[in-house]
Structure formats: C-alpha cells, structure tokens
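Visitor: This is my_file.pdb, which holds PDB, C-alpha atoms:
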ATOM      1  CA  MET A   1     273.828  37.028 206.153  1.00  0.00           C
ATOM      2  CA  PRO A   2     270.717  36.158 204.234  1.00  0.00           C
ATOM      3  CA  ASP A   3     270.827  35.304 200.579  1.00  0.00           C
ATOM      4  CA  ILE A   4     268.330  36.776 198.174  1.00  0.00           C
ATOM      5  CA  LEU A   5     266.574  34.910 195.393  1.00  0.00           C
ATOM      6  CA  ILE A   6     264.941  37.146 192.817  1.00  0.00           C
ATOM      7  CA  ARG A   7     262.607  36.158 190.001  1.00  0.00           C
ATOM      8  CA  SER A   8     262.321  38.902 187.381  1.00  0.00           C
ATOM      9  CA  ALA A   9     259.350  37.832 185.250  1.00  0.00           C
ATOM     10  CA  ASN A  10     258.377  38.902 181.741  1.00  0.00           C
ATOM     11  CA  VAL A  11     261.094  41.523 181.418  1.00  0.00           C
ATOM     12  CA  ALA A  12     260.086  44.064 178.775  1.00  0.00           C
ATOM     13  CA  ALA A  13     261.753  43.924 175.353  1.00  0.00           C
ATOM     14  CA  GLY A  14     264.813  46.170 175.178  1.00  0.00           C
ATOM     15  CA  SER A  15     264.559  47.169 178.835  1.00  0.00           C
ATOM     16  CA  THR A  16     267.235  47.755 181.447  1.00  0.00           C
ATOM     17  CA  THR A  17     266.486  46.673 185.017  1.00  0.00           C
ATOM     18  CA  ARG A  18     268.235  46.670 188.385  1.00  0.00           C
ATOM     19  CA  PRO A  19     266.832  43.756 190.407  1.00  0.00           C
ATOM     20  CA  PHE A  20     268.539  44.735 193.691  1.00  0.00           C
ATOM     21  CA  GLU A  21     266.575  47.998 193.628  1.00  0.00           C
ATOM     22  CA  THR A  22     263.200  46.700 192.423  1.00  0.00           C
ATOM     23  CA  VAL A  23     260.309  47.329 194.790  1.00  0.00           C
ATOM     24  CA  GLY A  24     259.398  44.048 196.444  1.00  0.00           C
ATOM     25  CA  SER A  25     262.916  42.666 196.178  1.00  0.00           C
ATOM     26  CA  ILE A  26     265.129  45.485 197.466  1.00  0.00           C
ATOM     27  CA  TRP A  27     268.165  43.674 198.833  1.00  0.00           C
ATOM     28  CA  LYS A  28     269.225  44.915 202.255  1.00  0.00           C
ATOM     29  CA  PHE A  29     272.823  43.993 201.534  1.00  0.00           C
ATOM     30  CA  ARG A  30     273.303  45.740 198.209  1.00  0.00           C
ATOM     31  CA  ARG A  31     275.465  48.032 200.377  1.00  0.00           C
ATOM     32  CA  CYS A  32     278.262  46.051 202.018  1.00  0.00           C
ATOM     33  CA  PRO A  33     277.537  45.686 205.774  1.00  0.00           C
ATOM     34  CA  TYR A  34     281.063  44.457 206.626  1.00  0.00           C
ATOM     35  CA  GLN A  35     284.493  46.067 206.670  1.00  0.00           C
ATOM     36  CA  ARG A  36     285.162  43.672 203.788  1.00  0.00           C
ATOM     37  CA  GLY A  37     282.528  41.420 202.248  1.00  0.00           C
ATOM     38  CA  LEU A  38     282.670  38.550 199.770  1.00  0.00           C
ATOM     39  CA  TYR A  39     279.793  38.763 197.297  1.00  0.00           C
ATOM     40  CA  THR A  40     278.598  35.842 195.195  1.00  0.00           C
ATOM     41  CA  ILE A  41     276.094  36.423 192.388  1.00  0.00           C
ATOM     42  CA  GLY A  42     274.688  34.023 189.807  1.00  0.00           C
ATOM     43  CA  LEU A  43     271.920  34.513 187.282  1.00  0.00           C
ATOM     44  CA  ARG A  44     270.266  32.608 184.476  1.00  0.00           C
ATOM     45  CA  HIS A  45     267.432  33.328 182.060  1.00  0.00           C
ATOM     46  CA  ASP A  46     264.944  31.253 180.124  1.00  0.00           C
ATOM     47  CA  GLY A  47     265.239  33.116 176.821  1.00  0.00           C
ATOM     48  CA  ALA A  48     267.323  32.404 173.754  1.00  0.00           C
ATOM     49  CA  ALA A  49     271.117  32.571 173.801  1.00  0.00           C
ATOM     50  CA  GLY A  50     272.177  36.199 173.519  1.00  0.00           C
ATOM     51  CA  GLY A  51     268.810  37.403 174.841  1.00  0.00           C
ATOM     52  CA  LEU A  52     270.148  38.862 178.073  1.00  0.00           C
ATOM     53  CA  GLN A  53     273.273  40.737 179.030  1.00  0.00           C
ATOM     54  CA  PHE A  54     274.338  41.946 182.466  1.00  0.00           C
ATOM     55  CA  GLU A  55     277.012  43.865 184.292  1.00  0.00           C
ATOM     56  CA  ILE A  56     277.991  44.202 187.925  1.00  0.00           C
ATOM     57  CA  LYS A  57     279.545  47.331 189.384  1.00  0.00           C
ATOM     58  CA  ILE A  58     280.708  48.538 192.760  1.00  0.00           C
ATOM     59  CA  GLY A  59     279.988  52.237 192.432  1.00  0.00           C
ATOM     60  CA  THR A  60     281.625  53.079 189.098  1.00  0.00           C
ATOM     61  CA  THR A  61     284.102  50.164 189.153  1.00  0.00           C
ATOM     62  CA  GLU A  62     283.192  47.298 186.843  1.00  0.00           C
ATOM     63  CA  VAL A  63     283.384  43.921 188.537  1.00  0.00           C
ATOM     64  CA  VAL A  64     281.797  42.038 185.638  1.00  0.00           C
ATOM     65  CA  GLN A  65     281.970  43.741 182.250  1.00  0.00           C
ATOM     66  CA  ARG A  66     278.738  43.780 180.243  1.00  0.00           C
ATOM     67  CA  SER A  67     278.429  40.205 179.007  1.00  0.00           C
ATOM     68  CA  ASP A  68     275.919  37.614 177.858  1.00  0.00           C
ATOM     69  CA  ALA A  69     274.112  35.799 180.675  1.00  0.00           C
ATOM     70  CA  SER A  70     273.648  32.036 180.829  1.00  0.00           C
ATOM     71  CA  ALA A  71     270.567  30.884 178.945  1.00  0.00           C
ATOM     72  CA  GLY A  72     268.674  27.612 179.310  1.00  0.00           C
ATOM     73  CA  GLY A  73     267.053  28.350 182.645  1.00  0.00           C
ATOM     74  CA  THR A  74     263.532  27.472 183.682  1.00  0.00           C
ATOM     75  CA  ASP A  75     261.194  30.116 185.053  1.00  0.00           C
ATOM     76  CA  GLY A  76     261.173  29.847 188.843  1.00  0.00           C
ATOM     77  CA  VAL A  77     264.160  27.478 189.088  1.00  0.00           C
ATOM     78  CA  MET A  78     267.015  29.287 190.806  1.00  0.00           C
ATOM     79  CA  PRO A  79     270.585  28.913 189.547  1.00  0.00           C
ATOM     80  CA  THR A  80     273.060  26.927 191.633  1.00  0.00           C
ATOM     81  CA  PRO A  81     276.876  26.760 191.522  1.00  0.00           C
ATOM     82  CA  ALA A  82     276.764  22.972 190.942  1.00  0.00           C
ATOM     83  CA  GLY A  83     274.316  20.281 189.926  1.00  0.00           C
ATOM     84  CA  ALA A  84     271.522  20.187 187.350  1.00  0.00           C
ATOM     85  CA  ASN A  85     270.943  23.969 187.390  1.00  0.00           C
ATOM     86  CA  SER A  86     274.600  24.971 187.522  1.00  0.00           C
ATOM     87  CA  THR A  87     275.397  28.449 186.317  1.00  0.00           C
ATOM     88  CA  PRO A  88     278.578  30.529 186.420  1.00  0.00           C
ATOM     89  CA  PHE A  89     278.739  32.477 189.681  1.00  0.00           C
ATOM     90  CA  HIS A  90     280.782  35.627 190.100  1.00  0.00           C
ATOM     91  CA  GLN A  91     282.651  36.362 193.333  1.00  0.00           C
ATOM     92  CA  PHE A  92     284.218  39.646 194.324  1.00  0.00           C
ATOM     93  CA  TYR A  93     285.119  41.684 197.394  1.00  0.00           C
ATOM     94  CA  ALA A  94     283.587  44.959 198.504  1.00  0.00           C
ATOM     95  CA  GLN A  95     284.443  47.409 201.264  1.00  0.00           C
ATOM     96  CA  TYR A  96     282.107  48.747 203.928  1.00  0.00           C
ATOM     97  CA  ASN A  97     279.136  50.651 202.480  1.00  0.00           C
ATOM     98  CA  ASP A  98     280.123  50.002 198.832  1.00  0.00           C
ATOM     99  CA  GLU A  99     276.960  49.701 196.735  1.00  0.00           C
ATOM    100  CA  ILE A 100     276.585  46.693 194.460  1.00  0.00           C
ATOM    101  CA  ASP A 101     274.773  47.434 191.215  1.00  0.00           C
ATOM    102  CA  LEU A 102     273.518  44.512 189.108  1.00  0.00           C
ATOM    103  CA  VAL A 103     272.185  45.744 185.761  1.00  0.00           C
ATOM    104  CA  LEU A 104     270.231  43.508 183.367  1.00  0.00           C
ATOM    105  CA  PHE A 105     269.816  44.345 179.674  1.00  0.00           C
ATOM    106  CA  GLU A 106     267.100  42.509 177.726  1.00  0.00           C
ATOM    107  CA  THR A 107     268.594  42.101 174.237  1.00  0.00           C
ATOM    108  CA  GLY A 108     266.375  39.390 172.737  1.00  0.00           C
ATOM    109  CA  ALA A 109     263.629  41.802 171.631  1.00  0.00           C
ATOM    110  CA  VAL A 110     260.951  39.725 173.380  1.00  0.00           C
ATOM    111  CA  ALA A 111     258.837  40.580 176.401  1.00  0.00           C
ATOM    112  CA  THR A 112     258.736  37.098 177.895  1.00  0.00           C
ATOM    113  CA  THR A 113     262.240  36.664 179.294  1.00  0.00           C
ATOM    114  CA  ASP A 114     262.327  35.499 182.920  1.00  0.00           C
ATOM    115  CA  ILE A 115     265.529  35.933 184.930  1.00  0.00           C
ATOM    116  CA  MET A 116     266.444  34.084 188.115  1.00  0.00           C
ATOM    117  CA  THR A 117     269.111  35.683 190.344  1.00  0.00           C
ATOM    118  CA  TRP A 118     270.800  34.300 193.468  1.00  0.00           C
ATOM    119  CA  ALA A 119     273.082  36.543 195.539  1.00  0.00           C
ATOM    120  CA  SER A 120     274.801  36.441 198.908  1.00  0.00           C
ATOM    121  CA  VAL A 121     277.410  38.290 200.950  1.00  0.00           C
ATOM    122  CA  GLU A 122     279.518  37.074 203.856  1.00  0.00           C
ATOM    123  CA  PRO A 123     282.295  38.652 205.921  1.00  0.00           C
ATOM    124  CA  ALA A 124     285.734  38.268 204.381  1.00  0.00           C
TER     125      ALA A 124
END
Could you show the structure in this file as structure tokens?
Guide:
Amino acid sequence: MPDILIRSANVAAGSTTRPFETVGSIWKFRRCPYQRGLYTIGLRHDGAAGGLQFEIKIGTTEVVQRSDASAGGTDGVMPTPAGANSTPFHQFYAQYNDEIDLVLFETGAVATTDIMTWASVEPA
C-alpha cells in the first residue's frame, strides 16, 4: 500500500494538529484496510528539543503515549529508519477498519515548527 509523506509547516504555537486528517494530506489508510495491518510511523521536527510532543492511538487505545518527538530535523527532509536522517519509528498492529489517530502537540511556544511525518501500512 502507498506510504504517505506529510510536511506540516509553520505549526502554530501551542496548537494541536492531526496530520492524517488535514485537508490536502488526508491519508486513505488511516483506517486499516486489511484484516490485520502493520503500521509504521516516524516523525521529526526542526524545532528545539522539547518543542513537539505526539501520541498515536487506535480508537481510544494508546499505541504511543504522549511523548517528546525527535528534534534536529530539516524542513522538507523526511525521516528515515536508518542513515543520515534516522529517526525512531513506531510499529504496531491494527485490525480491519481501526482508525489510526496521530496527534501532534506544539509545546515550544513558537509558530515556526515544521514537522515531517512518514507512515505506511502493510498486510500482516
């Protein structure tokens, strides 16, 4: 299935966003299309350490508890699981039609944070 690469630019100070639901980047596979799917999600931001937190849920079940996101990214450069732009990636399973909710919390009190997200799903 296709991956999605999302650039969330100039996220407003103190805002909460859901990039899988943003107009222009609505991900077709935020609902699991398989009986069982393996999701992989990585994200990185270009702000200061502690300037972005995120959580991932399947419905109301937390898959990744609200945590700090990796800093040190470059605007427009997508995170990768290995190499020069390596970032922690999170993998988890979902059942058919489960909805994946990625929530980003801008905590750096600046309106210039850019966030790069890479996500994919494959049958498991």
Visitor: Check what the PyMOL selection byres ((chain A and resi 32) around 8) selects in the file above and give those residues as a ChimeraX atom specification.
Guide: /A:29-31,33-37,94-100,121
Visitor: Measuring atom to atom with all atoms listed in the file, identify which of A:Asn85, A:Thr107, A:Ser8, A:Thr40 is nearest to A:Arg66.
Guide: A:Thr107
Visitor: Identify which of the residues A:Arg7, A:Pro79, A:Ala84, A:Leu102 lies closest to A:Thr60, counting all atoms listed in the file when measuring atom-to-atom distances.
Guide: A:Leu102
Visitor: Return the single residue from A:Ala71, A:Ala13, A:Met78, A:Ala124 that is closest to A:Gly108, with distances computed using all atoms listed in the file.
Guide: A:Ala13
Visitor: In Å to one decimal, how far is atom CA of A:Thr113 from atom CA of A:Gly47?
Guide: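 Computed distance, atom CA of A:Gly47 to atom CA of A:Thr113, equals 5.3 Å.
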Visitor: What is the atom CA of A:Gln91 to atom CA of A:Ser15 distance in Å?
Guide: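 Atom-to-atom, atom CA of A:Gln91 and atom CA of A:Ser15 are spaced 25.6 Å apart.
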Visitor: With distances taken over all atoms listed in the file, which of A:Val11, A:Val103, A:Ala82, A:Ile41 is nearest to A:Glu55?
Guide: A:Val103
Visitor: Once the PyMOL selection byres ((chain A and resi 115) around 7) has been evaluated on this model, what residues remain selected, and can you format them as a PyMOL selection string?
Guide: chain A and resi 7-9+43-46+113-114+116-117
Visitor: How far is it from atom CA of A:Phe54 to atom CA of A:Ala109, in Å with one decimal?
Guide: 15.2 Å
Visitor: Do a neighbour search on A:Trp118 at 6 Å with only C-alpha atoms, toss out local chain neighbours closer than 6 positions, and write the hits as a PDB file with C-alpha atoms, keeping the file's coordinate frame.
Guide:
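As written to disk, selection.pdb reads:
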ATOM      1  CA  ILE A   4     268.330  36.776 198.174  1.00  0.00           C
ATOM      2  CA  LEU A   5     266.574  34.910 195.393  1.00  0.00           C
ATOM      3  CA  ILE A  41     276.094  36.423 192.388  1.00  0.00           C
ATOM      4  CA  GLY A  42     274.688  34.023 189.807  1.00  0.00           C
TER       5      GLY A  42
END
Visitor: When you count only C-alpha atoms, which of these residues is closest to A:Gly59: A:Lys28, A:Ala111, A:Asp101, A:Gly76?
Guide: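 Closest to A:Gly59 of all the choices is A:Asp101.
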Visitor: When distances are computed from all atoms listed in the file, which of A:Glu122, A:Asp68, A:Glu106, A:Asp3 shows the smallest separation from A:Arg18?
Guide: A:Glu106
Visitor: Run through the PyMOL selection byres ((chain A and resi 69) around 6) on the given coordinates and return the selected residues as a PyMOL selection string.
Guide: chain A and resi 52-53+68+70
Visitor: Box in all listed atoms of stretch 95-114 of chain A, axis-aligned, with 5 Å more on each side; write out centre and edge lengths in Å to one decimal as JSON.
Guide:
{"center_x": 271.6, "center_y": 43.1, "center_z": 187.8, "size_x": 35.7, "size_y": 25.2, "size_z": 42.3}
